[in-house]
Each structure stands twice: as C-alpha cells, then as structure tokens.
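Asker: My structure file query_12.cif, mmCIF, C-alpha atoms, is below:
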```cif
data_model
#
loop_
_atom_site.group_PDB
_atom_site.id
_atom_site.type_symbol
_atom_site.label_atom_id
_atom_site.label_comp_id
_atom_site.auth_asym_id
_atom_site.auth_seq_id
_atom_site.Cartn_x
_atom_site.Cartn_y
_atom_site.Cartn_z
ATOM 1 C CA MET A 36 -2.417 12.884 7.986
ATOM 2 C CA HIS A 37 1.055 11.322 7.774
ATOM 3 C CA GLU A 38 2.601 14.771 8.084
ATOM 4 C CA ARG A 39 1.175 15.025 11.607
ATOM 5 C CA PHE A 40 3.893 12.710 12.900
ATOM 6 C CA LYS A 41 7.164 14.286 14.004
ATOM 7 C CA PRO A 42 10.539 12.674 14.800
ATOM 8 C CA GLU A 43 10.068 13.746 18.423
ATOM 9 C CA ASP A 44 6.874 11.655 18.548
ATOM 10 C CA LEU A 45 8.806 8.542 17.585
ATOM 11 C CA LEU A 46 11.563 9.275 20.093
ATOM 12 C CA ALA A 47 8.958 9.694 22.847
ATOM 13 C CA LEU A 48 7.332 6.454 21.715
ATOM 14 C CA ARG A 49 10.658 4.620 22.056
ATOM 15 C CA GLU A 50 11.152 6.060 25.531
ATOM 16 C CA SER A 51 7.687 5.159 26.778
ATOM 17 C CA HIS A 52 7.619 1.713 25.110
ATOM 18 C CA PRO A 53 11.084 0.124 25.390
ATOM 19 C CA GLY A 54 11.834 -2.377 22.651
ATOM 20 C CA VAL A 55 9.131 -1.130 20.299
ATOM 21 C CA VAL A 56 9.838 -1.626 16.597
ATOM 22 C CA ILE A 57 8.669 1.427 14.665
ATOM 23 C CA LEU A 58 7.386 0.985 11.109
ATOM 24 C CA ALA A 59 6.617 4.169 9.175
ATOM 25 C CA HIS A 60 4.588 4.689 6.042
ATOM 26 C CA PRO A 61 6.746 6.329 3.333
ATOM 27 C CA GLU A 62 4.296 9.233 3.063
ATOM 28 C CA CYS A 63 5.547 10.399 6.475
ATOM 29 C CA PRO A 64 8.054 13.249 6.454
ATOM 30 C CA PRO A 65 11.601 12.066 5.595
ATOM 31 C CA ALA A 66 12.820 12.926 9.104
ATOM 32 C CA VAL A 67 10.181 10.589 10.561
ATOM 33 C CA VAL A 68 11.104 7.790 8.160
ATOM 34 C CA GLU A 69 14.759 8.204 9.188
ATOM 35 C CA VAL A 70 13.919 7.697 12.871
ATOM 36 C CA ALA A 71 11.792 4.604 12.152
ATOM 37 C CA ASP A 72 13.239 1.099 12.123
ATOM 38 C CA PHE A 73 11.588 0.264 8.799
ATOM 39 C CA SER A 74 9.541 2.022 6.138
ATOM 40 C CA GLY A 75 7.107 0.571 3.651
ATOM 41 C CA SER A 76 3.599 0.615 2.292
ATOM 42 C CA THR A 77 0.798 -0.747 4.457
ATOM 43 C CA ALA A 78 1.091 -4.132 2.722
ATOM 44 C CA VAL A 79 4.862 -4.182 3.237
ATOM 45 C CA MET A 80 4.463 -3.264 6.911
ATOM 46 C CA ALA A 81 1.908 -6.062 7.317
ATOM 47 C CA ASP A 82 4.337 -8.497 5.719
ATOM 48 C CA TYR A 83 7.139 -7.272 8.006
ATOM 49 C CA VAL A 84 5.031 -7.934 11.117
ATOM 50 C CA ARG A 85 3.967 -11.346 9.798
ATOM 51 C CA THR A 86 7.488 -12.496 8.926
ATOM 52 C CA GLN A 87 9.638 -10.743 11.549
ATOM 53 C CA LYS A 88 7.180 -11.244 14.417
ATOM 54 C CA PRO A 89 8.287 -8.329 16.604
ATOM 55 C CA ALA A 90 7.091 -8.550 20.211
ATOM 56 C CA ARG A 91 5.959 -4.908 20.197
ATOM 57 C CA VAL A 92 5.382 -2.709 17.171
ATOM 58 C CA ALA A 93 4.093 0.757 16.323
ATOM 59 C CA LEU A 94 2.779 1.500 12.842
ATOM 60 C CA ILE A 95 3.221 5.145 11.937
ATOM 61 C CA THR A 96 0.259 5.485 9.611
ATOM 62 C CA GLU A 97 -3.484 6.077 9.775
ATOM 63 C CA CYS A 98 -4.587 4.274 12.941
ATOM 64 C CA SER A 99 -7.316 2.100 11.445
ATOM 65 C CA MET A 100 -4.703 0.583 9.128
ATOM 66 C CA SER A 101 -3.139 -1.225 12.065
ATOM 67 C CA ASP A 102 -6.420 -2.855 13.114
ATOM 68 C CA ASN A 103 -6.355 -5.545 10.427
ATOM 69 C CA ILE A 104 -2.651 -6.145 10.876
ATOM 70 C CA ALA A 105 -3.121 -6.490 14.647
ATOM 71 C CA GLN A 106 -5.968 -8.947 14.186
ATOM 72 C CA ALA A 107 -3.830 -11.104 11.878
ATOM 73 C CA ASN A 108 -0.896 -11.062 14.341
ATOM 74 C CA PRO A 109 -2.237 -11.807 17.831
ATOM 75 C CA GLY A 110 1.265 -12.549 19.168
ATOM 76 C CA THR A 111 2.423 -8.981 18.570
ATOM 77 C CA GLU A 112 1.583 -6.104 20.890
ATOM 78 C CA PHE A 113 0.549 -3.016 18.916
ATOM 79 C CA VAL A 114 1.350 0.401 20.324
ATOM 80 C CA ARG A 115 -1.076 2.802 18.672
ATOM 81 C CA PRO A 116 0.090 6.380 18.263
ATOM 82 C CA CYS A 117 -3.174 7.125 16.541
ATOM 83 C CA ASN A 118 -3.665 9.841 13.954
ATOM 84 C CA LEU A 119 -7.066 9.519 12.345
ATOM 85 C CA CYS A 120 -7.202 10.747 8.797
ATOM 86 C CA PRO A 121 -10.300 12.943 8.509
ATOM 87 C CA HIS A 122 -10.639 12.143 4.810
ATOM 88 C CA MET A 123 -10.329 8.355 4.776
ATOM 89 C CA LYS A 124 -13.571 7.857 6.703
ATOM 90 C CA ARG A 125 -15.457 9.820 4.024
ATOM 91 C CA ILE A 126 -14.460 7.369 1.304
ATOM 92 C CA THR A 127 -17.090 4.644 1.087
ATOM 93 C CA LEU A 128 -18.078 2.277 -1.716
ATOM 94 C CA LYS A 129 -21.427 4.049 -1.921
ATOM 95 C CA ASN A 130 -19.744 7.457 -2.351
ATOM 96 C CA ILE A 131 -17.255 6.115 -4.902
ATOM 97 C CA ARG A 132 -20.053 4.524 -6.933
ATOM 98 C CA ARG A 133 -22.125 7.710 -6.865
ATOM 99 C CA ALA A 134 -19.125 9.804 -7.903
ATOM 100 C CA LEU A 135 -18.370 7.497 -10.831
ATOM 101 C CA GLU A 136 -21.993 7.295 -11.957
ATOM 102 C CA GLU A 137 -22.772 10.989 -11.708
ATOM 103 C CA MET A 138 -19.374 12.487 -12.628
ATOM 104 C CA GLN A 139 -20.609 15.711 -11.011
ATOM 105 C CA THR A 140 -17.972 16.438 -8.415
ATOM 106 C CA GLU A 141 -15.013 18.269 -9.838
ATOM 107 C CA VAL A 142 -11.850 18.241 -7.794
ATOM 108 C CA THR A 143 -9.567 21.193 -8.289
ATOM 109 C CA ILE A 144 -6.066 21.334 -6.911
ATOM 110 C CA ALA A 145 -4.032 24.480 -6.535
ATOM 111 C CA PRO A 146 -0.915 24.376 -8.748
ATOM 112 C CA GLU A 147 1.449 24.692 -5.780
ATOM 113 C CA TYR A 148 0.300 21.241 -4.595
ATOM 114 C CA PHE A 149 1.077 19.422 -7.866
ATOM 115 C CA ALA A 150 4.779 18.810 -7.217
ATOM 116 C CA PRO A 151 4.412 17.650 -3.584
ATOM 117 C CA ALA A 152 1.495 15.394 -4.545
ATOM 118 C CA ARG A 153 3.459 13.915 -7.434
ATOM 119 C CA ARG A 154 6.423 13.245 -5.091
ATOM 120 C CA ALA A 155 4.139 11.442 -2.625
ATOM 121 C CA VAL A 156 2.724 9.207 -5.345
ATOM 122 C CA GLU A 157 6.157 8.520 -6.806
ATOM 123 C CA ARG A 158 7.470 7.590 -3.333
ATOM 124 C CA MET A 159 4.578 5.168 -2.865
ATOM 125 C CA LEU A 160 5.202 3.571 -6.242
ATOM 126 C CA ALA A 161 8.938 3.266 -5.539
ATOM 127 C CA VAL A 162 8.365 1.212 -2.383
ATOM 128 C CA LYS A 163 8.431 -2.487 -3.098
#
```
Mind converting the file's structure to structure tokens?
Answerer:
Amino acid sequence: MHERFKPEDLLALRESHPGVVILAHPECPPAVVEVADFSGSTAVMADYVRTQKPARVALITECSMSDNIAQANPGTEFVRPCNLCPHMKRITLKNIRRALEEMQTEVTIAPEYFAPARRAVERMLAVK
C-alpha cells in the first residue's frame, strides 16, 4: 500500500494545498520519504501533529490511520491523499483469534520477497 505513493503525488499535493506539511510513513519508497517534510511511524507522526500543531497536514500512510490522529487534533486540517490498504481491513480480532486457535492457515512467502520484507521491518524498527 505505501508503495502506491510516488514523489509526484506529494509535489502535486503541495501545489494544490499550499502550506501543507507532509508526513510520510517510513515504509513509503525512499524517494517519497525524501520529498516529505518528516518521516516516522504512525505513533511518531501522531506525536508530531500533537506537538508541532501544523495548520494543515497530509499523512502519507494508510488513510484510516489519519482518522484517529485527526480526531485528537481538531485544530489541524487534514488533507487526505487516501490509499486504502486492501489487507488491513481483513485483519480483525475475530480472525486473529481464529488463526491462533486453529493454526490451520499456512502463509508461504516466495524467497525473492524475504530481503525486501526484512528491510521494511528493519526500517520500522529503526524509527524512534
């Protein structure tokens, strides 16, 4: 989902919303993170909005992630360049419980995805 964002998207966002502060999730492509004003995990982005109080902000992440942050920061206008993650909506407590209880669903990952997946996790863990 994060890979759907392109640097051009952020540049267009800046043009159509003057003064917007762009916060990108570190799972976005490096070129997107470079164009953003700030990069951090969802919690770090929430903290940034809470402490820096930008007038207008765009969170470059899964769109439902900004809902809670927007609700907690009514003084900030949220520009929503929404990219819905098709997989996040499938993860529910009921499904997690069933998966843990039944241990029936095996997830297999093609070897060529190991290194990129590891890099994504390591990048997330490196963000403070």
Asker: Tell me which of A:Leu135, A:Ala150, A:Ala107, A:Val114 sits closest to Ile95 (chain A), counting all atoms listed in the file.
Answerer: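 Nearest candidate to Ile95 (chain A) out of A:Leu135, A:Ala150, A:Ala107, A:Val114: A:Val114.
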Asker: Quick check, in Å to one decimal: how far apart do CA of Arg115 (chain A) and CA of Pro61 (chain A) lie?
Answerer: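 About the pair CA of Arg115 (chain A) and CA of Pro61 (chain A): they are 17.6 Å apart.
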Asker: Could you work out how far CA of Ser101 (chain A) lies from CA of Val142 (chain A), giving the answer in Å with one decimal?
Answerer: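 These two atoms are separated by 29.1 Å.
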Asker: Apply the PyMOL selection byres ((chain A and resi 38-47) around 12) to the structure shown and report the selected residues as a ChimeraX atom specification.
Answerer: /A:36-37,48-72,92-98,114-120,155
Asker: Please determine, counting all atoms listed in the file, which residue among A:Thr140, A:Met159, A:Pro151, A:Pro109 has the shortest atom-to-atom distance to Ala78 (chain A).
Answerer: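 The shortest atom-to-atom distance to Ala78 (chain A) comes from A:Met159.
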Asker: Which residue is closest to Gly110 (chain A)? Choose from A:Ile144, A:Val162, A:Ile126, A:Ala90 and count only C-alpha atoms.
Answerer: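 Result for the nearest residue to Gly110 (chain A): A:Ala90.
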Asker: In Å, rounded to a single decimal, give me how far CA of Met100 (chain A) is from CA of Ala161 (chain A).
Answerer: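 Distance reported for this atom pair: 20.2 Å.
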Asker: My list of candidates is A:Asn130, A:Ser99, A:Thr86, A:Thr143. Which is closest to Thr111 (chain A) when distances are computed with only C-alpha atoms?
Answerer: A:Thr86
